[in-house]
Structures are given as structure tokens and as C-alpha cells.
$ cat model.txt   # compact mmCIF, C-alpha atoms
# COMPACT_ATOMS: atom_id res chain seq x y z
CA MET L 1 100.95 136.34 46.90
CA ARG L 2 101.79 133.06 48.61
CA GLN L 3 103.24 134.89 51.63
CA THR L 4 100.05 136.92 51.94
CA LYS L 5 97.92 133.74 51.98
CA ARG L 6 100.12 132.19 54.64
CA ALA L 7 99.96 135.33 56.75
CA ALA L 8 96.17 135.46 56.35
CA LEU L 9 95.81 131.77 57.32
CA LEU L 10 98.08 132.24 60.31
CA LEU L 11 96.08 135.27 61.41
CA LEU L 12 92.82 133.33 60.98
CA PHE L 13 94.24 130.43 63.00
CA LEU L 14 95.40 132.71 65.82
CA LEU L 15 92.04 134.51 65.91
CA THR L 16 90.24 131.17 66.08
CA ILE L 17 92.41 130.09 68.99
CA ALA L 18 91.93 133.42 70.77
CA VAL L 19 88.15 133.18 70.41
CA THR L 20 87.70 129.48 71.28
CA LEU L 21 90.28 129.06 74.05
CA PRO L 22 88.17 130.82 76.69
CA MET L 23 85.26 128.51 75.76
CA ILE L 24 87.10 125.34 76.77
CA PRO L 25 85.62 124.25 80.09
CA THR L 26 87.94 124.11 83.06
CA ALA L 27 87.72 121.48 85.78
CA GLU L 28 85.86 123.96 87.98
CA ALA L 29 83.32 124.70 85.26
CA ALA L 30 82.76 121.03 84.48
CA GLY L 31 80.62 120.54 87.57
CA PRO L 32 81.07 118.97 90.97
CA GLY L 33 84.06 116.72 91.43
CA TRP L 34 84.06 113.20 92.77
CA ALA L 35 84.52 114.33 96.38
CA GLU L 36 81.51 116.62 96.19
CA GLN L 37 79.43 113.88 94.59
CA LEU L 38 80.41 111.46 97.36
CA GLN L 39 79.30 114.05 99.90
CA VAL L 40 75.96 114.27 98.06
CA MET L 41 75.79 110.46 98.19
CA ASP L 42 76.45 110.37 101.93
CA GLU L 43 73.83 113.07 102.54
CA ALA L 44 71.31 111.08 100.50
CA ILE L 45 72.15 107.96 102.52
CA GLY L 46 71.55 109.99 105.68
CA ARG L 47 68.11 110.96 104.37
CA GLY L 48 67.36 107.37 103.40
CA ASP L 49 67.18 108.30 99.71
CA ALA L 50 68.78 105.28 98.03
CA VAL L 51 67.91 106.43 94.51
CA ALA L 52 69.66 109.79 94.96
CA ALA L 53 72.59 108.08 96.69
CA GLN L 54 73.08 105.68 93.78
CA ALA L 55 72.83 108.51 91.25
CA ALA L 56 75.43 110.52 93.15
CA TRP L 57 77.72 107.48 93.32
CA ARG L 58 77.46 107.02 89.55
CA GLU L 59 78.35 110.70 89.04
CA ALA L 60 81.28 110.39 91.44
CA TYR L 61 82.48 107.31 89.58
CA ALA L 62 82.27 109.04 86.20
CA THR L 63 84.12 112.09 87.50
CA ALA L 64 86.82 110.04 89.23
CA HIS L 65 87.26 107.88 86.16
CA ALA L 66 87.67 110.93 83.95
CA SER L 67 90.23 112.43 86.33
CA HIS L 68 92.74 109.67 85.46
CA GLY L 69 94.08 109.66 89.04
CA TRP L 70 94.04 106.93 91.66
CA PRO L 71 92.80 108.82 94.77
CA GLY L 72 89.32 109.41 93.37
CA MET L 73 88.98 105.80 92.37
CA MET L 74 89.92 104.66 95.86
CA ALA L 75 87.33 106.98 97.40
CA VAL L 76 84.66 105.83 94.95
CA GLY L 77 85.46 102.18 95.72
CA ASP L 78 85.10 102.84 99.45
CA ALA L 79 81.83 104.65 98.76
CA ALA L 80 80.51 101.70 96.76
CA LEU L 81 80.95 99.49 99.81
CA ARG L 82 79.19 102.04 102.06
CA LEU L 83 76.34 102.31 99.61
CA GLY L 84 76.00 98.55 99.36
CA ARG L 85 75.75 98.16 103.12
CA VAL L 86 72.89 100.62 103.45
CA THR L 87 70.97 99.56 100.35
CA GLY L 88 71.24 95.82 100.92
CA THR L 89 73.21 95.33 97.71
CA ALA L 90 76.52 94.36 99.26
CA ALA L 91 77.42 91.74 96.64
CA VAL L 92 76.85 94.10 93.72
CA SER L 93 78.64 96.92 95.48
CA GLU L 94 81.59 94.71 96.35
CA SER L 95 81.93 93.74 92.70
CA ARG L 96 81.87 97.42 91.72
CA ALA L 97 84.40 98.25 94.40
CA ARG L 98 86.75 95.52 93.14
CA ARG L 99 86.70 96.95 89.61
CA VAL L 100 87.24 100.48 90.88
CA TYR L 101 90.06 99.44 93.24
CA LEU L 102 91.73 97.56 90.40
CA THR L 103 91.63 100.70 88.27
CA ALA L 104 93.12 102.63 91.20
CA LEU L 105 95.90 100.04 91.51
CA PHE L 106 96.79 100.29 87.83
CA ARG L 107 96.74 104.08 87.93
CA ALA L 108 98.90 104.15 91.04
CA ARG L 109 101.39 101.81 89.37
CA ARG L 110 101.39 104.03 86.28
CA ASP L 111 101.98 107.10 88.47
CA ARG L 112 104.67 105.24 90.46
CA SER L 113 102.73 106.06 93.61
CA LEU L 114 103.68 103.79 96.47
CA ASP L 115 100.89 105.34 98.55
CA GLY L 116 98.33 104.47 95.89
CA VAL L 117 99.57 100.92 95.38
CA LEU L 118 99.55 100.25 99.13
CA ALA L 119 96.09 101.82 99.53
CA ALA L 120 94.68 99.64 96.77
CA GLY L 121 96.43 96.59 98.24
CA GLU L 122 94.88 97.27 101.64
CA ALA L 123 91.45 97.64 100.04
CA PHE L 124 91.82 94.23 98.44
CA GLY L 125 93.07 92.89 101.76
CA ARG L 126 89.88 94.10 103.44
CA LEU L 127 87.94 92.32 100.70
CA GLY L 128 89.89 89.13 101.40
CA ASP L 129 91.42 88.94 97.92
CA ARG L 130 94.83 87.42 98.60
CA ASP L 131 95.84 87.17 94.92
CA VAL L 132 95.49 90.90 94.25
CA VAL L 133 97.10 91.72 97.60
CA GLN L 134 100.14 89.72 96.51
CA GLN L 135 100.19 91.51 93.17
CA ALA L 136 100.00 94.88 94.94
CA ALA L 137 102.84 93.81 97.24
CA ALA L 138 104.97 92.89 94.24
CA ILE L 139 104.26 96.21 92.54
CA ALA L 140 105.00 98.07 95.77
CA ALA L 141 108.26 96.19 96.28
CA ASP L 142 109.33 97.07 92.74
CA LEU L 143 108.48 100.76 93.26
CA ALA L 144 110.32 100.83 96.57
CA ALA L 145 113.39 99.14 95.08
CA ARG L 146 113.45 101.58 92.16
CA SER L 147 113.15 104.54 94.51
CA GLY L 148 116.13 103.47 96.60
CA ASP L 149 114.25 104.83 99.62
CA ASP L 150 114.75 102.77 102.78
CA LEU L 151 111.53 104.10 104.31
CA ALA L 152 109.61 102.95 101.22
CA ARG L 153 111.10 99.47 101.58
CA ARG L 154 110.09 99.36 105.26
CA ARG L 155 106.55 100.44 104.37
CA VAL L 156 106.32 97.60 101.86
CA GLN L 157 107.64 95.17 104.46
CA ALA L 158 105.02 96.37 106.95
CA PHE L 159 102.35 95.93 104.28
CA ARG L 160 103.58 92.40 103.56
CA SER L 161 103.60 91.57 107.27
CA GLN L 162 100.02 92.74 107.69
CA TRP L 163 98.37 91.62 104.46
CA VAL L 164 100.46 88.88 102.85
CA ALA L 165 101.96 86.95 105.72
CA GLY L 166 98.97 87.26 108.04
CA PRO L 167 95.38 86.13 107.62
CA LEU L 168 93.12 88.27 105.49
CA THR L 169 89.95 89.42 107.18
$ encode --input "model.txt" --output "C-alpha cells"
Amino acid sequence: MRQTKRAALLLLFLLTIAVTLPMIPTAEAAGPGWAEQLQVMDEAIGRGDAVAAQAAWREAYATAHASHGWPGMMAVGDAALRLGRVTGTAAVSESRARRVYLTALFRARRDRSLDGVLAAGEAFGRLGDRDVVQQAAAIAADLAARSGDDLARRRVQAFRSQWVAGPLT
């Protein structure tokens, strides 16, 4: 009797999985990704539609944030700065970009992505934030040392030469 109940429960479980699995949305079914939303934002900027541009940026941010990767966050940070320039909200947009770039930096560090860490460091360099640039350089140096890759070490040195040793613009 007990074996029959277990078999029935197992069958019920497997049927439930078989029925519900196709209902789980995929990334494609979830809607436009961050890149598409940024394209919508840029098109709205081109039309002079600041409200639509800001809405598209928010959607891009939400999608990039949910993706858990660093590339989308970098693109959304860059887009925040573009949006701020055309809407006259540069200070607000710069603050948003800083938060987004910082998330990108942490995600790149988590992913052990030298490219991501250096990209985030450069973004902070363009913002004139020497403290975060130095942190990014330290993270990058650690990643390069752990990789044992001479090219990675040279890339970090080039980054340091441009952003840490030189003046920030």
C-alpha cells in the first residue's frame, strides 16, 4: 500500500512538472532586453520625447539589473549619462550612472571579469572619481595576478597609467 502511494505521488509530481515546465517564461518571452530598451530610449531622444526616453531607460535598468551580469549595467550607466545631457538632468543622471557603474564593478569582480572591472574603472575615471578608480585598479590587479596572464597584467598597468597616475578628466 505504501509503495502504491509513493508511486502515485511520484507520478503526480512528474505530471505537474511536465505540465508546468513549458509555462515558465524564457528570456525571449520575458520581453525586450536591456539593449532593445536602450535603443527605444535613443529613438525617443531622437524624437525629443523625454518622457518615453526616461521610461525606456527605467525598463532597460530593470532588465539589466535582473540579468545579474555586468555588461548591461555598464550600458545602462552610459545611457543614463546620455539621457541626462539631453534632458537637462545631468546631476541626477550622473548619480544614477554612479550607482549603476558600481553594481557593474561588483558584478564584474564576482564574475572575475577583467574586462568588466576595467570598463567600470574607466567609467568612474570619466566621472572624475579617483577613489573608485583606485579600487577598480586594485581589483583588476588582483584578478590579473590570479590569472597568471602577462597580457592581463599589462592591461592593468596601462589602465593604471591612464587613470590612476594621470589626471582624471
$ closest_atom_pairs --input "model.txt" --of "stretch 81-137 of chain L" --to "stretch 151-159 of chain L" --cutoff "9 Å" --atoms "only C-alpha atoms" --output "Markdown table"
| residue | atom | partner | partner_atom | distance |
| --- | --- | --- | --- | --- |
| L:Leu114 | CA | L:Ala152 | CA | 7.6 |
| L:Leu118 | CA | L:Phe159 | CA | 7.3 |
| L:Gly121 | CA | L:Phe159 | CA | 8.5 |
| L:Glu122 | CA | L:Phe159 | CA | 8.0 |
| L:Ala137 | CA | L:Val156 | CA | 6.9 |
$ closest_residue --input "model.txt" --among "L:Glu94, L:Val164, L:Asp49, L:Phe106" --to "L:Met73" --atoms "all atoms listed in the file"
L:Phe106
$ residues_around --input "model.txt" --residues "L:Ile45" --least-positions-apart "3" --cutoff "10 Å" --atoms "all atoms listed in the file" --output "ChimeraX atom specification"
/L:39-42,48-54,82-83,86-87
$ write_last_selection --input "model.txt" --atoms "C-alpha atoms" --output "mmCIF file, in the frame of the given file"
data_model
loop_
_atom_site.group_PDB
_atom_site.id
_atom_site.type_symbol
_atom_site.label_atom_id
_atom_site.label_comp_id
_atom_site.auth_asym_id
_atom_site.auth_seq_id
_atom_site.Cartn_x
_atom_site.Cartn_y
_atom_site.Cartn_z
ATOM 1 C CA GLN L 39 79.300 114.050 99.900
ATOM 2 C CA VAL L 40 75.960 114.270 98.060
ATOM 3 C CA MET L 41 75.790 110.460 98.190
ATOM 4 C CA ASP L 42 76.450 110.370 101.930
ATOM 5 C CA GLY L 48 67.360 107.370 103.400
ATOM 6 C CA ASP L 49 67.180 108.300 99.710
ATOM 7 C CA ALA L 50 68.780 105.280 98.030
ATOM 8 C CA VAL L 51 67.910 106.430 94.510
ATOM 9 C CA ALA L 52 69.660 109.790 94.960
ATOM 10 C CA ALA L 53 72.590 108.080 96.690
ATOM 11 C CA GLN L 54 73.080 105.680 93.780
ATOM 12 C CA ARG L 82 79.190 102.040 102.060
ATOM 13 C CA LEU L 83 76.340 102.310 99.610
ATOM 14 C CA VAL L 86 72.890 100.620 103.450
ATOM 15 C CA THR L 87 70.970 99.560 100.350
#
$ closest_residue --input "model.txt" --among "L:Ala141, L:Gly128, L:Pro71, L:Ala165" --to "L:Leu105" --atoms "only C-alpha atoms"
L:Pro71
$ residues_around --input "model.txt" --residues "L:Leu102" --least-positions-apart "4" --cutoff "9 Å" --atoms "only C-alpha atoms" --output "list in words"
Met73, Ala97, Arg98, Phe106, Arg107, Ala120, Phe124 and Val132 of chain L
$ residues_around --input "model.txt" --residues "L:Arg110" --least-positions-apart "2" --cutoff "12 Å" --atoms "only C-alpha atoms" --output "list in words"
His68, Gly69, Trp70, Thr103, Ala104, Leu105, Phe106, Arg107, Ala108, Arg112, Ser113, Leu114, Gly116, Val117, Ile139, Ala140 and Leu143 of chain L
$ atom_distance --input "model.txt" --atom1 "atom CA of L:Ser93" --atom2 "atom CA of L:Ala62"
15.7 Å
$ atom_distance --input "model.txt" --atom1 "atom CA of L:Arg96" --atom2 "atom CA of L:Trp34"
16.0 Å
$ atom_distance --input "model.txt" --atom1 "atom CA of L:Gln134" --atom2 "atom CA of L:Ala90"
24.2 Å
$ closest_residue --input "model.txt" --among "L:Ser67, L:Thr89, L:Asp115, L:Asp78" --to "L:Leu38" --atoms "all atoms listed in the file"
L:Asp78
$ closest_residue --input "model.txt" --among "L:Met74, L:Ala79, L:Ala64, L:Gly88" --to "L:Tyr101" --atoms "all atoms listed in the file"
L:Met74
$ decode --input "model.txt" --residues "stretch 54-102 of chain L" --atoms "N, CA and C atoms" --output "PDB file, in the first residue's frame"
ATOM      1  N   GLN L  54      12.848  58.398 -20.751  1.00  0.00           N
ATOM      2  CA  GLN L  54      13.057  58.050 -19.347  1.00  0.00           C
ATOM      3  C   GLN L  54      12.390  56.726 -18.998  1.00  0.00           C
ATOM      4  N   ALA L  55      11.205  56.483 -19.551  1.00  0.00           N
ATOM      5  CA  ALA L  55      10.510  55.216 -19.297  1.00  0.00           C
ATOM      6  C   ALA L  55      11.310  54.047 -19.874  1.00  0.00           C
ATOM      7  N   ALA L  56      11.854  54.226 -21.063  1.00  0.00           N
ATOM      8  CA  ALA L  56      12.654  53.166 -21.675  1.00  0.00           C
ATOM      9  C   ALA L  56      13.931  52.927 -20.871  1.00  0.00           C
ATOM     10  N   TRP L  57      14.537  54.000 -20.347  1.00  0.00           N
ATOM     11  CA  TRP L  57      15.736  53.831 -19.532  1.00  0.00           C
ATOM     12  C   TRP L  57      15.408  53.022 -18.280  1.00  0.00           C
ATOM     13  N   ARG L  58      14.292  53.337 -17.640  1.00  0.00           N
ATOM     14  CA  ARG L  58      13.902  52.594 -16.432  1.00  0.00           C
ATOM     15  C   ARG L  58      13.695  51.111 -16.748  1.00  0.00           C
ATOM     16  N   GLU L  59      13.075  50.820 -17.882  1.00  0.00           N
ATOM     17  CA  GLU L  59      12.876  49.425 -18.294  1.00  0.00           C
ATOM     18  C   GLU L  59      14.222  48.748 -18.570  1.00  0.00           C
ATOM     19  N   ALA L  60      15.108  49.468 -19.221  1.00  0.00           N
ATOM     20  CA  ALA L  60      16.442  48.916 -19.503  1.00  0.00           C
ATOM     21  C   ALA L  60      17.179  48.626 -18.199  1.00  0.00           C
ATOM     22  N   TYR L  61      17.073  49.545 -17.254  1.00  0.00           N
ATOM     23  CA  TYR L  61      17.718  49.361 -15.955  1.00  0.00           C
ATOM     24  C   TYR L  61      17.171  48.113 -15.269  1.00  0.00           C
ATOM     25  N   ALA L  62      15.854  47.988 -15.233  1.00  0.00           N
ATOM     26  CA  ALA L  62      15.240  46.841 -14.556  1.00  0.00           C
ATOM     27  C   ALA L  62      15.668  45.530 -15.211  1.00  0.00           C
ATOM     28  N   THR L  63      15.704  45.513 -16.526  1.00  0.00           N
ATOM     29  CA  THR L  63      16.090  44.301 -17.246  1.00  0.00           C
ATOM     30  C   THR L  63      17.567  43.981 -17.026  1.00  0.00           C
ATOM     31  N   ALA L  64      18.409  44.991 -17.089  1.00  0.00           N
ATOM     32  CA  ALA L  64      19.843  44.770 -16.867  1.00  0.00           C
ATOM     33  C   ALA L  64      20.102  44.320 -15.436  1.00  0.00           C
ATOM     34  N   HIS L  65      19.399  44.912 -14.499  1.00  0.00           N
ATOM     35  CA  HIS L  65      19.570  44.540 -13.098  1.00  0.00           C
ATOM     36  C   HIS L  65      19.174  43.088 -12.883  1.00  0.00           C
ATOM     37  N   ALA L  66      18.089  42.678 -13.494  1.00  0.00           N
ATOM     38  CA  ALA L  66      17.614  41.302 -13.344  1.00  0.00           C
ATOM     39  C   ALA L  66      18.517  40.297 -14.042  1.00  0.00           C
ATOM     40  N   SER L  67      19.293  40.748 -15.009  1.00  0.00           N
ATOM     41  CA  SER L  67      20.160  39.830 -15.754  1.00  0.00           C
ATOM     42  C   SER L  67      21.341  39.338 -14.923  1.00  0.00           C
ATOM     43  N   HIS L  68      21.690  40.054 -13.883  1.00  0.00           N
ATOM     44  CA  HIS L  68      22.799  39.705 -12.990  1.00  0.00           C
ATOM     45  C   HIS L  68      24.172  39.756 -13.654  1.00  0.00           C
ATOM     46  N   GLY L  69      24.284  40.364 -14.830  1.00  0.00           N
ATOM     47  CA  GLY L  69      25.575  40.500 -15.497  1.00  0.00           C
ATOM     48  C   GLY L  69      26.072  41.932 -15.415  1.00  0.00           C
ATOM     49  N   TRP L  70      27.335  42.125 -15.758  1.00  0.00           N
ATOM     50  CA  TRP L  70      27.896  43.482 -15.718  1.00  0.00           C
ATOM     51  C   TRP L  70      27.727  44.239 -17.031  1.00  0.00           C
ATOM     52  N   PRO L  71      27.721  43.606 -18.208  1.00  0.00           N
ATOM     53  CA  PRO L  71      27.661  44.399 -19.446  1.00  0.00           C
ATOM     54  C   PRO L  71      26.408  45.274 -19.558  1.00  0.00           C
ATOM     55  N   GLY L  72      25.274  44.733 -19.178  1.00  0.00           N
ATOM     56  CA  GLY L  72      24.041  45.515 -19.242  1.00  0.00           C
ATOM     57  C   GLY L  72      24.078  46.711 -18.314  1.00  0.00           C
ATOM     58  N   MET L  73      24.656  46.518 -17.150  1.00  0.00           N
ATOM     59  CA  MET L  73      24.736  47.630 -16.204  1.00  0.00           C
ATOM     60  C   MET L  73      25.647  48.728 -16.738  1.00  0.00           C
ATOM     61  N   MET L  74      26.734  48.343 -17.382  1.00  0.00           N
ATOM     62  CA  MET L  74      27.605  49.359 -17.977  1.00  0.00           C
ATOM     63  C   MET L  74      26.859  50.150 -19.052  1.00  0.00           C
ATOM     64  N   ALA L  75      26.134  49.449 -19.904  1.00  0.00           N
ATOM     65  CA  ALA L  75      25.395  50.116 -20.981  1.00  0.00           C
ATOM     66  C   ALA L  75      24.311  51.028 -20.423  1.00  0.00           C
ATOM     67  N   VAL L  76      23.648  50.596 -19.367  1.00  0.00           N
ATOM     68  CA  VAL L  76      22.596  51.403 -18.757  1.00  0.00           C
ATOM     69  C   VAL L  76      23.199  52.635 -18.067  1.00  0.00           C
ATOM     70  N   GLY L  77      24.373  52.481 -17.474  1.00  0.00           N
ATOM     71  CA  GLY L  77      25.049  53.638 -16.877  1.00  0.00           C
ATOM     72  C   GLY L  77      25.415  54.666 -17.935  1.00  0.00           C
ATOM     73  N   ASP L  78      25.960  54.198 -19.052  1.00  0.00           N
ATOM     74  CA  ASP L  78      26.295  55.105 -20.156  1.00  0.00           C
ATOM     75  C   ASP L  78      25.039  55.804 -20.670  1.00  0.00           C
ATOM     76  N   ALA L  79      23.945  55.051 -20.756  1.00  0.00           N
ATOM     77  CA  ALA L  79      22.686  55.608 -21.248  1.00  0.00           C
ATOM     78  C   ALA L  79      22.145  56.663 -20.285  1.00  0.00           C
ATOM     79  N   ALA L  80      22.329  56.453 -18.997  1.00  0.00           N
ATOM     80  CA  ALA L  80      21.871  57.446 -18.019  1.00  0.00           C
ATOM     81  C   ALA L  80      22.550  58.786 -18.261  1.00  0.00           C
ATOM     82  N   LEU L  81      23.839  58.738 -18.564  1.00  0.00           N
ATOM     83  CA  LEU L  81      24.565  59.983 -18.837  1.00  0.00           C
ATOM     84  C   LEU L  81      24.066  60.650 -20.120  1.00  0.00           C
ATOM     85  N   ARG L  82      23.816  59.847 -21.151  1.00  0.00           N
ATOM     86  CA  ARG L  82      23.268  60.405 -22.413  1.00  0.00           C
ATOM     87  C   ARG L  82      21.922  61.052 -22.162  1.00  0.00           C
ATOM     88  N   LEU L  83      21.090  60.361 -21.421  1.00  0.00           N
ATOM     89  CA  LEU L  83      19.746  60.869 -21.131  1.00  0.00           C
ATOM     90  C   LEU L  83      19.826  62.161 -20.330  1.00  0.00           C
ATOM     91  N   GLY L  84      20.718  62.209 -19.378  1.00  0.00           N
ATOM     92  CA  GLY L  84      20.868  63.416 -18.564  1.00  0.00           C
ATOM     93  C   GLY L  84      21.309  64.619 -19.369  1.00  0.00           C
ATOM     94  N   ARG L  85      22.171  64.399 -20.346  1.00  0.00           N
ATOM     95  CA  ARG L  85      22.638  65.514 -21.180  1.00  0.00           C
ATOM     96  C   ARG L  85      21.502  66.118 -21.994  1.00  0.00           C
ATOM     97  N   VAL L  86      20.633  65.267 -22.530  1.00  0.00           N
ATOM     98  CA  VAL L  86      19.579  65.802 -23.406  1.00  0.00           C
ATOM     99  C   VAL L  86      18.359  66.296 -22.645  1.00  0.00           C
ATOM    100  N   THR L  87      18.181  65.835 -21.409  1.00  0.00           N
ATOM    101  CA  THR L  87      17.013  66.271 -20.641  1.00  0.00           C
ATOM    102  C   THR L  87      17.345  67.379 -19.649  1.00  0.00           C
ATOM    103  N   GLY L  88      18.607  67.754 -19.569  1.00  0.00           N
ATOM    104  CA  GLY L  88      18.989  68.806 -18.627  1.00  0.00           C
ATOM    105  C   GLY L  88      19.014  68.339 -17.184  1.00  0.00           C
ATOM    106  N   THR L  89      19.137  67.037 -16.986  1.00  0.00           N
ATOM    107  CA  THR L  89      19.181  66.485 -15.627  1.00  0.00           C
ATOM    108  C   THR L  89      20.511  65.769 -15.396  1.00  0.00           C
ATOM    109  N   ALA L  90      21.582  66.430 -15.768  1.00  0.00           N
ATOM    110  CA  ALA L  90      22.899  65.797 -15.724  1.00  0.00           C
ATOM    111  C   ALA L  90      23.289  65.345 -14.315  1.00  0.00           C
ATOM    112  N   ALA L  91      22.982  66.147 -13.302  1.00  0.00           N
ATOM    113  CA  ALA L  91      23.384  65.780 -11.939  1.00  0.00           C
ATOM    114  C   ALA L  91      22.656  64.523 -11.468  1.00  0.00           C
ATOM    115  N   VAL L  92      21.377  64.454 -11.721  1.00  0.00           N
ATOM    116  CA  VAL L  92      20.593  63.279 -11.335  1.00  0.00           C
ATOM    117  C   VAL L  92      21.071  62.066 -12.113  1.00  0.00           C
ATOM    118  N   SER L  93      21.281  62.241 -13.394  1.00  0.00           N
ATOM    119  CA  SER L  93      21.711  61.134 -14.238  1.00  0.00           C
ATOM    120  C   SER L  93      23.108  60.647 -13.867  1.00  0.00           C
ATOM    121  N   GLU L  94      23.977  61.573 -13.492  1.00  0.00           N
ATOM    122  CA  GLU L  94      25.316  61.164 -13.072  1.00  0.00           C
ATOM    123  C   GLU L  94      25.247  60.333 -11.796  1.00  0.00           C
ATOM    124  N   SER L  95      24.380  60.728 -10.886  1.00  0.00           N
ATOM    125  CA  SER L  95      24.205  59.959  -9.653  1.00  0.00           C
ATOM    126  C   SER L  95      23.690  58.553  -9.964  1.00  0.00           C
ATOM    127  N   ARG L  96      22.727  58.464 -10.877  1.00  0.00           N
ATOM    128  CA  ARG L  96      22.216  57.148 -11.286  1.00  0.00           C
ATOM    129  C   ARG L  96      23.327  56.328 -11.936  1.00  0.00           C
ATOM    130  N   ALA L  97      24.079  56.970 -12.811  1.00  0.00           N
ATOM    131  CA  ALA L  97      25.152  56.263 -13.501  1.00  0.00           C
ATOM    132  C   ALA L  97      26.176  55.724 -12.501  1.00  0.00           C
ATOM    133  N   ARG L  98      26.514  56.499 -11.497  1.00  0.00           N
ATOM    134  CA  ARG L  98      27.466  56.043 -10.474  1.00  0.00           C
ATOM    135  C   ARG L  98      26.985  54.763  -9.808  1.00  0.00           C
ATOM    136  N   ARG L  99      25.702  54.758  -9.401  1.00  0.00           N
ATOM    137  CA  ARG L  99      25.160  53.562  -8.739  1.00  0.00           C
ATOM    138  C   ARG L  99      25.182  52.355  -9.677  1.00  0.00           C
ATOM    139  N   VAL L 100      24.824  52.592 -10.921  1.00  0.00           N
ATOM    140  CA  VAL L 100      24.782  51.500 -11.896  1.00  0.00           C
ATOM    141  C   VAL L 100      26.193  50.996 -12.190  1.00  0.00           C
ATOM    142  N   TYR L 101      27.140  51.905 -12.376  1.00  0.00           N
ATOM    143  CA  TYR L 101      28.530  51.510 -12.623  1.00  0.00           C
ATOM    144  C   TYR L 101      29.102  50.739 -11.428  1.00  0.00           C
ATOM    145  N   LEU L 102      28.733  51.147 -10.229  1.00  0.00           N
ATOM    146  CA  LEU L 102      29.224  50.444  -9.049  1.00  0.00           C
ATOM    147  C   LEU L 102      28.692  49.014  -9.019  1.00  0.00           C
TER     148      LEU L 102
END
